[in-house]
>>> print(open('input-v4.cif').read())   # mmCIF, C-alpha atoms
data_entry
#
loop_
_atom_site.label_atom_id
_atom_site.label_comp_id
_atom_site.auth_asym_id
_atom_site.auth_seq_id
_atom_site.Cartn_x
_atom_site.Cartn_y
_atom_site.Cartn_z
CA MET A 1 -50.38 32.38 36.35
CA SER A 2 -49.03 34.82 33.91
CA ILE A 3 -49.91 32.68 31.44
CA ILE A 4 -52.84 34.51 32.14
CA ALA A 5 -51.97 38.33 31.89
CA THR A 6 -55.37 39.28 33.28
CA GLN A 7 -54.42 37.64 36.53
CA LEU A 8 -51.40 39.83 36.97
CA ILE A 9 -52.79 43.34 36.50
CA SER A 10 -53.04 45.70 39.46
CA ILE A 11 -52.98 49.39 40.26
CA THR A 12 -49.55 50.83 41.05
CA PRO A 13 -48.91 54.33 42.47
CA LEU A 14 -47.45 56.84 40.06
CA PHE A 15 -43.69 57.20 40.42
CA ALA A 16 -43.23 60.96 40.60
CA GLN A 17 -39.48 61.55 40.76
CA ALA A 18 -37.51 63.49 38.16
CA PRO A 19 -35.91 61.25 35.48
CA ALA A 20 -32.35 61.52 36.78
CA ALA A 21 -33.33 60.81 40.36
CA GLU A 22 -35.56 58.01 39.13
CA ALA A 23 -32.66 56.42 37.26
CA ARG A 24 -30.40 56.60 40.31
CA SER A 25 -33.06 55.07 42.54
CA PHE A 26 -33.73 52.33 40.00
CA ASN A 27 -30.04 51.44 39.68
CA ALA A 28 -29.63 51.39 43.46
CA PHE A 29 -32.65 49.12 43.76
CA ILE A 30 -31.24 46.70 41.18
CA GLN A 31 -27.94 46.45 43.02
CA SER A 32 -29.78 45.88 46.30
CA LEU A 33 -31.13 42.63 44.85
CA TRP A 34 -27.72 40.98 44.69
CA PRO A 35 -27.67 39.44 48.21
CA GLU A 36 -31.00 37.72 47.69
CA ALA A 37 -30.02 36.63 44.18
CA GLN A 38 -26.82 35.11 45.59
CA GLN A 39 -28.82 33.24 48.22
CA ARG A 40 -30.89 31.68 45.45
CA GLY A 41 -27.80 30.35 43.74
CA ILE A 42 -27.50 33.01 41.04
CA THR A 43 -23.89 33.74 40.11
CA ARG A 44 -22.48 37.23 39.94
CA ALA A 45 -21.73 36.69 36.26
CA THR A 46 -25.40 35.90 35.53
CA PHE A 47 -26.58 38.83 37.64
CA ASP A 48 -24.28 41.32 35.94
CA ARG A 49 -24.92 39.98 32.46
CA ALA A 50 -28.69 40.33 32.84
CA LEU A 51 -28.95 43.43 35.02
CA GLY A 52 -25.69 45.30 34.51
CA ASP A 53 -27.15 47.84 32.07
CA VAL A 54 -30.88 47.26 32.52
CA GLN A 55 -32.98 50.41 32.30
CA TYR A 56 -36.28 51.50 33.78
CA ASP A 57 -39.15 51.12 31.31
CA ALA A 58 -41.72 53.92 31.61
CA GLU A 59 -44.10 52.16 29.22
CA VAL A 60 -44.20 49.09 31.44
CA ALA A 61 -44.81 51.33 34.46
CA ALA A 62 -47.77 52.95 32.69
CA LEU A 63 -49.22 49.58 31.68
CA SER A 64 -49.00 48.35 35.27
CA ARG A 65 -51.24 51.20 36.40
CA ARG A 66 -54.11 50.59 34.05
CA GLN A 67 -57.35 49.04 35.16
CA PRO A 68 -58.32 46.46 32.54
CA GLU A 69 -61.87 46.73 31.30
CA TYR A 70 -64.02 43.76 30.53
CA GLY A 71 -65.96 46.19 28.36
CA ARG A 72 -66.48 44.08 25.26
CA ALA A 73 -69.67 42.08 24.98
CA VAL A 74 -69.00 38.35 25.23
CA GLY A 75 -70.16 37.71 21.68
CA ASP A 76 -67.78 40.34 20.29
CA TYR A 77 -64.90 38.92 22.30
CA LEU A 78 -65.57 35.37 21.11
CA ASN A 79 -65.91 36.45 17.49
CA GLY A 80 -62.52 38.11 17.77
CA MET A 81 -60.82 35.16 19.45
CA VAL A 82 -62.48 32.42 17.40
CA SER A 83 -62.03 34.10 14.03
CA PRO A 84 -61.99 32.34 10.64
CA ALA A 85 -58.28 33.16 10.31
CA ARG A 86 -57.48 31.57 13.67
CA ILE A 87 -59.63 28.53 12.95
CA ASN A 88 -57.91 28.00 9.59
CA GLY A 89 -54.48 28.67 11.10
CA GLY A 90 -55.06 26.10 13.82
CA ILE A 91 -56.31 23.47 11.40
CA ARG A 92 -53.23 24.02 9.25
CA ARG A 93 -50.87 23.63 12.19
CA LEU A 94 -52.68 20.54 13.45
CA GLY A 95 -51.95 18.99 10.08
CA GLU A 96 -48.39 20.26 9.90
CA TRP A 97 -47.48 18.99 13.39
CA ARG A 98 -49.77 15.94 13.49
CA GLY A 99 -47.11 13.41 14.45
CA LEU A 100 -45.70 15.61 17.20
CA ILE A 101 -49.15 16.46 18.54
CA ASP A 102 -50.17 12.81 18.66
CA SER A 103 -47.01 12.04 20.65
CA ILE A 104 -47.67 14.88 23.11
CA GLU A 105 -51.32 13.88 23.47
CA HIS A 106 -50.28 10.29 24.20
CA THR A 107 -47.74 11.46 26.79
CA PHE A 108 -49.86 14.00 28.66
CA GLY A 109 -53.46 13.04 27.93
CA VAL A 110 -54.53 16.51 26.74
CA PRO A 111 -56.17 16.81 23.30
CA GLY A 112 -53.95 18.43 20.69
CA GLU A 113 -56.73 20.77 19.61
CA ILE A 114 -56.74 22.31 23.10
CA LEU A 115 -52.98 22.88 22.97
CA VAL A 116 -53.12 24.50 19.54
CA ALA A 117 -56.07 26.66 20.60
CA ILE A 118 -54.13 28.07 23.57
CA TRP A 119 -51.07 28.55 21.38
CA GLY A 120 -53.17 30.43 18.84
CA ILE A 121 -54.97 32.67 21.32
CA GLU A 122 -51.91 33.47 23.45
CA THR A 123 -49.49 34.48 20.70
CA GLY A 124 -51.05 33.80 17.29
CA PHE A 125 -49.18 30.47 17.04
CA GLY A 126 -45.95 32.17 18.09
CA ALA A 127 -46.20 35.21 15.82
CA ASN A 128 -46.59 37.74 18.65
CA THR A 129 -44.85 36.93 21.93
CA GLY A 130 -45.14 40.45 23.32
CA GLY A 131 -42.00 42.18 22.14
CA LYS A 132 -40.75 43.21 25.60
CA GLY A 133 -37.50 42.17 27.21
CA VAL A 134 -38.62 40.08 30.17
CA ILE A 135 -35.71 41.11 32.40
CA ARG A 136 -36.29 44.83 31.83
CA SER A 137 -40.05 44.50 32.35
CA LEU A 138 -39.71 42.53 35.57
CA ALA A 139 -36.94 44.80 36.86
CA THR A 140 -39.22 47.81 36.35
CA LEU A 141 -42.17 46.10 38.01
CA ALA A 142 -40.03 44.92 40.91
CA PHE A 143 -38.79 48.49 41.44
CA LEU A 144 -42.42 49.67 41.56
CA GLY A 145 -43.34 46.99 44.10
CA TYR A 146 -45.82 45.48 41.65
CA LYS A 147 -48.13 43.05 43.45
CA GLY A 148 -45.92 43.12 46.53
CA ASP A 149 -42.94 40.81 46.01
CA PHE A 150 -44.42 39.11 42.96
CA ALA A 151 -42.36 40.90 40.32
CA LYS A 152 -39.15 40.70 42.36
CA ASN A 153 -39.55 36.97 42.81
CA GLU A 154 -40.28 36.51 39.12
CA LEU A 155 -37.23 38.58 38.20
CA LEU A 156 -34.93 36.46 40.34
CA THR A 157 -36.49 33.30 38.92
CA ALA A 158 -35.91 34.66 35.40
CA LEU A 159 -32.21 34.95 36.27
CA LEU A 160 -32.19 31.24 37.11
CA VAL A 161 -33.77 30.48 33.72
CA LEU A 162 -30.92 32.40 32.09
CA GLN A 163 -28.30 30.76 34.26
CA GLN A 164 -29.52 27.30 33.26
CA GLY A 165 -28.89 28.25 29.64
CA HIS A 166 -32.42 27.85 28.29
CA ILE A 167 -32.32 31.23 26.50
CA PRO A 168 -29.88 34.17 26.28
CA PRO A 169 -31.01 37.49 27.82
CA ASP A 170 -31.53 39.28 24.50
CA ARG A 171 -33.91 36.55 23.31
CA MET A 172 -35.93 36.33 26.52
CA ILE A 173 -38.92 38.15 25.05
CA GLY A 174 -42.44 38.35 26.43
CA SER A 175 -45.25 40.59 27.61
CA TRP A 176 -44.97 43.76 29.70
CA ALA A 177 -45.95 41.67 32.76
CA GLY A 178 -43.17 39.11 32.28
CA ALA A 179 -45.09 36.34 30.49
CA MET A 180 -42.56 34.60 28.27
CA GLY A 181 -42.42 33.03 24.86
CA GLN A 182 -45.07 31.39 22.72
CA PRO A 183 -47.18 29.95 25.57
CA GLN A 184 -46.74 33.05 27.80
CA PHE A 185 -45.37 31.40 30.94
CA ILE A 186 -44.08 33.60 33.73
CA PRO A 187 -40.64 32.52 35.01
CA SER A 188 -41.97 30.59 38.02
CA SER A 189 -44.36 28.70 35.75
CA PHE A 190 -41.47 28.00 33.40
CA MET A 191 -39.45 26.46 36.22
CA ARG A 192 -42.35 24.25 37.37
CA TRP A 193 -44.05 23.18 34.15
CA ALA A 194 -41.94 23.90 31.06
CA VAL A 195 -40.81 20.73 29.26
CA ASP A 196 -37.76 19.85 27.18
CA PHE A 197 -39.63 17.63 24.75
CA THR A 198 -36.85 17.59 22.15
CA GLY A 199 -34.27 16.30 24.63
CA ASP A 200 -31.67 18.94 23.74
CA GLY A 201 -31.22 20.04 27.37
CA LYS A 202 -33.14 23.30 26.95
CA ARG A 203 -36.73 24.19 27.64
CA ASP A 204 -37.17 26.52 24.70
CA LEU A 205 -40.55 28.27 24.79
CA TRP A 206 -39.44 30.86 22.23
CA THR A 207 -38.53 28.88 19.12
CA SER A 208 -39.25 25.16 19.75
CA VAL A 209 -42.80 24.12 18.85
CA PRO A 210 -42.34 20.71 20.53
CA ASP A 211 -41.31 22.34 23.81
CA VAL A 212 -44.10 24.93 23.55
CA LEU A 213 -46.92 22.44 23.01
CA ALA A 214 -45.59 19.88 25.48
CA SER A 215 -45.22 22.58 28.13
CA ILE A 216 -48.84 23.66 27.70
CA ALA A 217 -49.89 20.01 27.93
CA ASN A 218 -47.82 19.43 31.06
CA TYR A 219 -49.27 22.54 32.67
CA LEU A 220 -52.85 21.42 32.02
CA ARG A 221 -52.20 17.85 33.16
CA GLU A 222 -50.61 19.04 36.39
CA HIS A 223 -53.60 21.33 37.00
CA GLY A 224 -56.03 18.42 36.81
CA TRP A 225 -57.03 17.86 33.19
CA LYS A 226 -59.21 14.73 33.04
CA PRO A 227 -58.70 12.74 29.80
CA GLY A 228 -61.95 11.69 28.20
CA LEU A 229 -64.11 14.18 30.10
CA PRO A 230 -65.80 16.72 27.81
CA TRP A 231 -65.29 20.34 28.78
CA GLY A 232 -69.00 20.93 28.33
CA TYR A 233 -71.65 21.79 25.77
CA GLU A 234 -73.86 24.63 24.66
CA VAL A 235 -77.38 23.65 25.73
CA THR A 236 -81.01 24.66 25.44
CA LEU A 237 -83.35 24.71 28.42
CA PRO A 238 -86.97 23.58 28.55
CA GLU A 239 -89.79 26.03 29.15
CA ASN A 240 -90.36 27.00 32.77
CA PHE A 241 -86.96 25.65 33.75
CA ASP A 242 -86.08 26.20 37.42
CA MET A 243 -83.14 28.59 37.13
CA ARG A 244 -82.17 27.99 40.75
CA ARG A 245 -80.70 24.65 39.72
CA SER A 246 -77.00 25.01 38.88
CA ARG A 247 -75.32 21.60 39.40
CA ALA A 248 -76.18 18.05 38.39
CA SER A 249 -74.78 15.11 36.44
CA PHE A 250 -75.22 15.05 32.69
CA ARG A 251 -77.77 12.28 33.08
CA GLU A 252 -79.74 14.33 35.60
CA TRP A 253 -79.63 17.38 33.33
CA ALA A 254 -80.97 15.27 30.47
CA ALA A 255 -83.81 14.03 32.69
CA LEU A 256 -84.68 17.66 33.43
CA GLY A 257 -85.13 18.36 29.71
CA VAL A 258 -81.79 20.06 29.04
CA ARG A 259 -80.54 19.34 25.53
CA ARG A 260 -77.35 19.96 23.59
CA ALA A 261 -77.75 22.83 21.16
CA ASP A 262 -76.05 20.88 18.37
CA GLY A 263 -78.39 17.91 18.74
CA GLY A 264 -75.77 15.53 20.13
CA LYS A 265 -76.12 13.28 23.16
CA LEU A 266 -75.72 15.04 26.48
CA THR A 267 -74.38 12.04 28.37
CA ASP A 268 -70.94 10.51 27.87
CA ARG A 269 -69.18 7.38 29.02
CA ARG A 270 -67.96 8.97 32.27
CA ASP A 271 -71.55 9.78 33.12
CA ALA A 272 -72.85 6.26 32.60
CA ASN A 273 -73.46 5.73 36.32
CA GLY A 274 -74.71 9.17 37.20
CA GLY A 275 -71.15 10.44 37.09
CA LYS A 276 -69.47 13.77 36.91
CA GLU A 277 -71.00 17.08 37.91
CA ALA A 278 -71.76 19.64 35.23
CA ILE A 279 -72.46 23.27 36.07
CA LEU A 280 -75.04 25.44 34.32
CA PHE A 281 -73.26 28.57 33.12
CA PHE A 282 -74.58 31.76 31.49
CA PRO A 283 -71.62 33.86 30.26
CA SER A 284 -73.95 36.75 29.33
CA GLY A 285 -76.82 35.99 31.66
CA ALA A 286 -80.05 34.18 30.87
CA ARG A 287 -80.63 36.35 27.77
CA GLY A 288 -77.63 34.73 26.09
CA PRO A 289 -76.48 31.17 25.37
CA ALA A 290 -76.43 28.57 28.14
CA PHE A 291 -73.71 25.98 28.76
CA LEU A 292 -73.02 22.96 30.91
CA VAL A 293 -69.35 22.94 31.89
CA THR A 294 -67.17 20.43 33.74
CA ASP A 295 -63.95 20.36 35.74
CA ASN A 296 -61.95 20.58 32.51
CA PHE A 297 -63.44 24.02 31.87
CA ASN A 298 -62.03 25.08 35.24
CA VAL A 299 -58.62 23.65 34.34
CA ILE A 300 -58.45 26.03 31.37
CA LYS A 301 -59.31 28.86 33.76
CA THR A 302 -56.10 28.16 35.69
CA TYR A 303 -54.27 29.26 32.53
CA ASN A 304 -56.28 32.48 32.51
CA ILE A 305 -58.91 33.25 35.13
CA SER A 306 -61.38 34.69 32.63
CA ASP A 307 -64.51 32.63 31.94
CA VAL A 308 -64.75 33.98 28.41
CA TYR A 309 -61.07 33.20 27.75
CA ALA A 310 -61.70 29.57 28.70
CA LEU A 311 -64.83 29.51 26.55
CA ALA A 312 -62.87 30.94 23.61
CA VAL A 313 -60.09 28.34 23.93
CA LEU A 314 -62.48 25.43 24.14
CA HIS A 315 -64.79 26.64 21.40
CA LEU A 316 -61.80 27.25 19.13
CA ALA A 317 -60.61 23.69 19.78
CA ASP A 318 -64.07 22.39 18.90
CA ARG A 319 -64.09 24.43 15.69
CA PHE A 320 -60.80 22.77 14.69
CA ARG A 321 -62.72 19.47 14.88
CA GLY A 322 -65.47 20.79 12.62
CA ALA A 323 -68.03 21.74 15.27
CA PRO A 324 -70.46 24.54 14.37
CA ALA A 325 -70.45 28.04 15.82
CA PHE A 326 -72.51 28.58 18.95
CA ALA A 327 -76.23 28.56 18.15
CA GLY A 328 -77.45 31.05 20.74
CA ARG A 329 -77.51 34.80 20.15
CA TRP A 330 -75.30 36.95 22.33
CA PRO A 331 -76.80 40.18 23.72
CA GLN A 332 -74.89 43.19 22.38
CA ASP A 333 -75.57 45.36 25.44
CA ASP A 334 -73.96 42.95 27.92
CA ARG A 335 -70.99 45.07 28.95
CA GLN A 336 -68.67 42.90 31.03
CA LEU A 337 -67.78 44.34 34.43
CA THR A 338 -64.35 45.75 35.16
CA ARG A 339 -62.06 43.90 37.52
CA GLU A 340 -62.72 46.57 40.14
CA ASP A 341 -66.48 46.10 39.71
CA ARG A 342 -66.09 42.38 40.28
CA MET A 343 -63.96 42.96 43.35
CA ARG A 344 -66.66 45.29 44.71
CA ILE A 345 -69.21 42.49 44.29
CA GLN A 346 -66.90 40.06 46.07
CA ARG A 347 -66.33 42.42 49.01
CA ARG A 348 -70.05 43.11 49.35
CA LEU A 349 -70.97 39.43 49.26
CA ALA A 350 -68.35 38.74 51.92
CA ASP A 351 -69.84 41.53 54.05
CA LEU A 352 -73.21 39.81 53.72
CA GLY A 353 -71.74 36.57 55.07
CA TYR A 354 -71.12 34.63 51.88
CA LYS A 355 -67.91 32.67 51.47
CA VAL A 356 -65.64 34.25 48.85
CA ASN A 357 -62.69 32.16 47.64
CA ASP A 358 -60.90 34.95 45.81
CA PHE A 359 -60.93 38.74 46.21
CA GLN A 360 -59.13 39.55 42.95
CA GLY A 361 -62.15 39.63 40.66
CA MET A 362 -62.36 35.94 39.72
CA MET A 363 -65.99 34.86 39.45
CA ASP A 364 -65.80 31.16 40.26
CA PHE A 365 -68.87 28.94 40.23
CA ASP A 366 -69.23 28.93 44.00
CA LEU A 367 -69.51 32.71 43.85
CA ARG A 368 -72.02 32.47 41.00
CA ASP A 369 -74.19 30.30 43.25
CA ASN A 370 -74.01 33.03 45.88
CA ILE A 371 -75.04 35.53 43.23
CA ARG A 372 -78.01 33.29 42.38
CA ASP A 373 -79.08 33.41 46.01
CA MET A 374 -78.94 37.21 46.06
CA GLN A 375 -80.74 37.43 42.71
CA ILE A 376 -83.62 35.44 44.20
CA LYS A 377 -83.78 37.92 47.09
CA PHE A 378 -83.81 40.81 44.60
CA GLY A 379 -86.56 39.20 42.52
CA MET A 380 -84.21 38.78 39.56
CA VAL A 381 -83.74 35.80 37.25
CA PRO A 382 -81.26 33.61 39.19
CA ASP A 383 -78.76 32.99 36.40
CA GLY A 384 -75.61 33.59 38.51
CA HIS A 385 -74.40 36.26 36.09
CA PRO A 386 -72.65 39.29 37.66
CA GLY A 387 -74.09 41.89 35.29
CA MET A 388 -74.57 45.61 35.61
CA GLU A 389 -78.13 45.36 36.95
CA PHE A 390 -77.07 42.92 39.66
CA MET A 391 -74.10 45.05 40.69
CA GLY A 392 -76.33 48.11 40.86
CA ARG A 393 -78.71 46.38 43.22
CA LEU A 394 -75.96 44.83 45.33
CA VAL A 395 -73.52 47.71 45.79
CA GLY A 396 -75.12 50.76 44.18
CA ARG A 397 -74.25 52.37 40.87
#
>>> encode(input="input-v4.cif", output="structure tokens")
Amino acid sequence: MSIIATQLISITPLFAQAPAAEARSFNAFIQSLWPEAQQRGITRATFDRALGDVQYDAEVAALSRRQPEYGRAVGDYLNGMVSPARINGGIRRLGEWRGLIDSIEHTFGVPGEILVAIWGIETGFGANTGGKGVIRSLATLAFLGYKGDFAKNELLTALLVLQQGHIPPDRMIGSWAGAMGQPQFIPSSFMRWAVDFTGDGKRDLWTSVPDVLASIANYLREHGWKPGLPWGYEVTLPENFDMRRSRASFREWAALGVRRADGGKLTDRRDANGGKEAILFFPSGARGPAFLVTDNFNVIKTYNISDVYALAVLHLADRFRGAPAFAGRWPQDDRQLTREDRMRIQRRLADLGYKVNDFQGMMDFDLRDNIRDMQIKFGMVPDGHPGMEFMGRLVGR
């Protein structure tokens, strides 16, 4: 998903032609898209209106070549995302839109605080949608062959969005990678999950708060959000805890001496009979705070594959409800690995015979269990955290 910009970034070769030649090649490429656009039901009028005078964007090309760093410590990232201004802004909007949010929550089963948290983190409650023309950005990325056919397919889908009259071309604004509007949906996500909650015949993710929040809710529901299941809790571990243990029910965790950091009950009504699995998660390794997370945590990760993004969204939502800040102290020297570093770990683990579900840098919990296994072999604390020390031992520095 674009919704998740991290998921879309890759390395693209430098385009080294002179500007005039580059412009001619770009224009020829755009015109070469017409047969495929026509096959998808796009009219010539829509094609020409959107792409007739589109220009190559060198800034987008440069952004597509960067390698994103996960260089900020987790604590610094969370402090930035879950700031007092964002907490207060979310509380204000929950009050302002209370009736609407209650209606959306009733329809889709996703808590309103989660929706407002994503809205706030993605675009500052709609204040910053990216500032790039989506058609121009995607046309540039398609020309560069960004992520294979990804950008081309998104560009052609964006033309269908325009043709259906949801937004005019000059108002189709988003990120450099083609993520659109206040919830930052890419065009294919728009077509599958955007909602016309106002009933005006348009799915307006740029100016309609009802459509924005309902679309986020629909996306999360369709990706498996379980109503009534907590996303998880910050926890404390007993002395001499066996760090090899990573999965159990809430009731089993409680029996092992694991406690919620805020003093609340660890079990919930879904866990009354032994129930749902919760995964022990250390975002900064065993030196930092510990969490038990559920399937709903993973649903947020479908919006953006980053663990710390999901943690920020869910913690922000909790803060809207009056929950305290996390109790544990975050290590300041925990530099998060780059995407390339994470991909190196994945490739090396696959070479060693471990199953790897994703080779694009996503550290899912199956992979973290594999990391635990290797940490035991290295004589390290088996916390499942892919830190610098682990990477150094696994693949060299």
>>> closest_atom_pairs(input="input-v4.cif", of="segment 157-206 of chain A", to="segment 115-126 of chain A", cutoff="12 Å", atoms="all atoms listed in the file", output="JSON lines")
{"residue": "A:Ile173", "atom": "CA", "partner": "A:Gly126", "partner_atom": "CA", "distance": 11.6}
{"residue": "A:Gly174", "atom": "CA", "partner": "A:Thr123", "partner_atom": "CA", "distance": 9.9}
{"residue": "A:Ser175", "atom": "CA", "partner": "A:Thr123", "partner_atom": "CA", "distance": 10.2}
{"residue": "A:Ala179", "atom": "CA", "partner": "A:Glu122", "partner_atom": "CA", "distance": 10.2}
{"residue": "A:Met180", "atom": "CA", "partner": "A:Thr123", "partner_atom": "CA", "distance": 10.3}
{"residue": "A:Gly181", "atom": "CA", "partner": "A:Gly126", "partner_atom": "CA", "distance": 7.7}
{"residue": "A:Gln182", "atom": "CA", "partner": "A:Gly126", "partner_atom": "CA", "distance": 4.8}
{"residue": "A:Pro183", "atom": "CA", "partner": "A:Trp119", "partner_atom": "CA", "distance": 5.9}
{"residue": "A:Gln184", "atom": "CA", "partner": "A:Glu122", "partner_atom": "CA", "distance": 6.8}
{"residue": "A:Phe185", "atom": "CA", "partner": "A:Glu122", "partner_atom": "CA", "distance": 10.2}
{"residue": "A:Leu205", "atom": "CA", "partner": "A:Gly126", "partner_atom": "CA", "distance": 9.4}
{"residue": "A:Trp206", "atom": "CA", "partner": "A:Gly126", "partner_atom": "CA", "distance": 7.8}
>>> write_last_selection(input="input-v4.cif", atoms="C-alpha atoms", output="CSV table (one decimal), keeping the file's coordinate frame")
chain,number,residue,atom,x,y,z
A,173,ILE,CA,-38.9,38.2,25.0
A,174,GLY,CA,-42.4,38.4,26.4
A,175,SER,CA,-45.2,40.6,27.6
A,179,ALA,CA,-45.1,36.3,30.5
A,180,MET,CA,-42.6,34.6,28.3
A,181,GLY,CA,-42.4,33.0,24.9
A,182,GLN,CA,-45.1,31.4,22.7
A,183,PRO,CA,-47.2,30.0,25.6
A,184,GLN,CA,-46.7,33.0,27.8
A,185,PHE,CA,-45.4,31.4,30.9
A,205,LEU,CA,-40.6,28.3,24.8
A,206,TRP,CA,-39.4,30.9,22.2
>>> resolve_selection(input="input-v4.cif", expression="the PyMOL selection byres ((chain A and resi 132) around 10)", output="JSON, numbers by chain")
{"A": [57, 60, 129, 130, 131, 133, 134, 135, 136, 137, 171, 172, 173, 174, 175, 176, 177, 178, 179, 180]}
>>> closest_atom_pairs(input="input-v4.cif", of="segment 173-258 of chain A", to="segment 313-337 of chain A", cutoff="12 Å", atoms="all atoms listed in the file", output="Markdown table")
| residue | atom | partner | partner_atom | distance |
| --- | --- | --- | --- | --- |
| A:Pro230 | CA | A:Leu314 | CA | 10.0 |
| A:Trp231 | CA | A:Leu314 | CA | 7.4 |
| A:Gly232 | CA | A:Leu314 | CA | 9.0 |
| A:Tyr233 | CA | A:His315 | CA | 9.5 |
| A:Glu234 | CA | A:Phe326 | CA | 7.1 |
| A:Val235 | CA | A:Gly328 | CA | 8.9 |
| A:Thr236 | CA | A:Gly328 | CA | 8.7 |
| A:Leu237 | CA | A:Gly328 | CA | 11.6 |
>>> residues_around(input="input-v4.cif", residues="Met374 of chain A", least_positions_apart="6", cutoff="12 Å", atoms="all atoms listed in the file", output="PDB file with C-alpha atoms, keeping the file's coordinate frame")
ATOM      1  CA  ARG A 244     -82.170  27.990  40.750  1.00  0.00           C
ATOM      2  CA  ILE A 345     -69.210  42.490  44.290  1.00  0.00           C
ATOM      3  CA  ARG A 348     -70.050  43.110  49.350  1.00  0.00           C
ATOM      4  CA  LEU A 349     -70.970  39.430  49.260  1.00  0.00           C
ATOM      5  CA  LEU A 352     -73.210  39.810  53.720  1.00  0.00           C
ATOM      6  CA  GLY A 353     -71.740  36.570  55.070  1.00  0.00           C
ATOM      7  CA  TYR A 354     -71.120  34.630  51.880  1.00  0.00           C
ATOM      8  CA  LEU A 367     -69.510  32.710  43.850  1.00  0.00           C
ATOM      9  CA  ARG A 368     -72.020  32.470  41.000  1.00  0.00           C
ATOM     10  CA  MET A 380     -84.210  38.780  39.560  1.00  0.00           C
ATOM     11  CA  VAL A 381     -83.740  35.800  37.250  1.00  0.00           C
ATOM     12  CA  PRO A 382     -81.260  33.610  39.190  1.00  0.00           C
ATOM     13  CA  ASP A 383     -78.760  32.990  36.400  1.00  0.00           C
ATOM     14  CA  GLY A 384     -75.610  33.590  38.510  1.00  0.00           C
ATOM     15  CA  HIS A 385     -74.400  36.260  36.090  1.00  0.00           C
ATOM     16  CA  PRO A 386     -72.650  39.290  37.660  1.00  0.00           C
ATOM     17  CA  PHE A 390     -77.070  42.920  39.660  1.00  0.00           C
ATOM     18  CA  MET A 391     -74.100  45.050  40.690  1.00  0.00           C
ATOM     19  CA  ARG A 393     -78.710  46.380  43.220  1.00  0.00           C
ATOM     20  CA  LEU A 394     -75.960  44.830  45.330  1.00  0.00           C
ATOM     21  CA  VAL A 395     -73.520  47.710  45.790  1.00  0.00           C
TER      22      VAL A 395
END
>>> resolve_selection(input="input-v4.cif", expression="the PyMOL selection byres ((chain A and resi 197) around 6)", output="list in words")
Val195, Asp196, Thr198, Gly199, Pro210 and Asp211 of chain A
>>> closest_residue(input="input-v4.cif", among="A:Val74, A:Ala248, A:Ala254, A:Ala37", to="Phe282 of chain A", atoms="all atoms listed in the file")
A:Val74
>>> residues_around(input="input-v4.cif", residues="Met362 of chain A", least_positions_apart="4", cutoff="10 Å", atoms="only C-alpha atoms", output="PyMOL selection string")
chain A and resi 7+301+305-307+339+342-343+346+356-358+367
>>> atom_distance(input="input-v4.cif", atom1="atom CA of Lys377 of chain A", atom2="atom CA of Arg287 of chain A")
19.6 Å
>>> closest_residue(input="input-v4.cif", among="A:Ser284, A:Thr267, A:Ser188, A:Gln375", to="Leu160 of chain A", atoms="all atoms listed in the file")
A:Ser188
>>> atom_distance(input="input-v4.cif", atom1="atom CA of Ala290 of chain A", atom2="atom CA of Ile114 of chain A")
21.3 Å
>>> atom_distance(input="input-v4.cif", atom1="atom CA of Ala194 of chain A", atom2="atom CA of Arg93 of chain A")
20.9 Å
